[in-house]
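J.: Encoded as structure tokens, here's the structure I'll be asking about.
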Amino acid sequence: QVQLVESGGGLVQPGGSLRLSCAGSGFAFSRSYMNWVRQAPGKGLEWVASIYTDGSNTYYADSVKGRFTISRDNAKNTLYLQMNSLKFEDTAVYYCAKDIDFASWGQGTRVTVSS
């Protein structure tokens, strides 16, 4: 049974940083393309970033490029999203999703950027 569990969200001031984690189990994590997706209050889903199985290739939405870094530790079956220089508009629930077709999702972790 595929499980994805996000953690690391919270309240942060503009300009601050957070690191999100996503622990995967029940599937071959090291062979899975992984993604981060977010949903801001009252808005639709927005793709944030993706990473290839071995971490050799990463992809970012223009809205987060240069501020966010996606990474993974296959030995720990864990996906990360380092978020720096956070803005009000980064406030959202952040989800990790498995595979290039977003086949499975976690429950999400809430990030609130507020002064």
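Just so we're on the same page: first chain in the structure tokens is A, next is B, and so on; residues restart at 1 for each chain, and ligands are numbered from 1 in the order they show up.
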Taking 3 positions as the minimum chain separation for residues in the same chain, which residues sit within 6 Å of Leu86 in chain A when counting only C-alpha atoms? Answer as a list in words.
T.: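 Counting only the stated atoms, we get Pro14, Gly15 and Gly16 of chain A.
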J.: Do you know which residues are at most 10 Å from Lys87 in chain A counting only C-alpha atoms, after dropping those on the same chain fewer than 4 positions away, and could you put them as a ChimeraX atom specification?
T.: /A:12-17,64,67,83,91,112-114
J.: Between A:Ala103, A:Leu18, A:Ala23, A:Ala61, which one has atoms that come closest to Glu46 in chain A, using only C-alpha atoms?
T.: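 Of all the options, A:Ala61 lies closest to Glu46 in chain A.
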J.: Given only C-alpha atoms as the basis, pick out the residue of A:Trp36, A:Phe88, A:Phe27, A:Phe68 nearest to Ile51 in chain A.
T.: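 Between A:Trp36, A:Phe88, A:Phe27, A:Phe68, the residue approaching Ile51 in chain A most closely is A:Trp36.
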J.: Ranking A:Asp101, A:Cys96, A:Tyr80, A:Val111 by minimum distance to Leu4 in chain A and counting only C-alpha atoms, which one comes first?
T.: A:Cys96
J.: Using only C-alpha atoms, find the one residue out of A:Leu11, A:Val48, A:Leu81, A:Val37 that sits nearest to Gln107 in chain A.
T.: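 That would be A:Val37, the residue with the smallest distance to Gln107 in chain A.
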J.: Under the rule that only C-alpha atoms are counted, which of A:Lys98, A:Ser85, A:Thr53, A:Ala92 is the nearest residue to Arg110 in chain A?
T.: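 Using only C-alpha atoms, Arg110 in chain A sits closest to A:Ala92.
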J.: For CA of Asp90 in chain A and CA of Thr69 in chain A, determine how far apart the two atoms are, in Å to one decimal place.
T.: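 Computing it gives 14.0 Å between the two atoms.
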J.: Could you tell me which of A:Gly106, A:Gly26, A:Gly66, A:Gly55 comes closest to Gln82 in chain A if we count only C-alpha atoms?
T.: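 Once distances to Gln82 in chain A are computed over only C-alpha atoms, the minimum belongs to A:Gly66.
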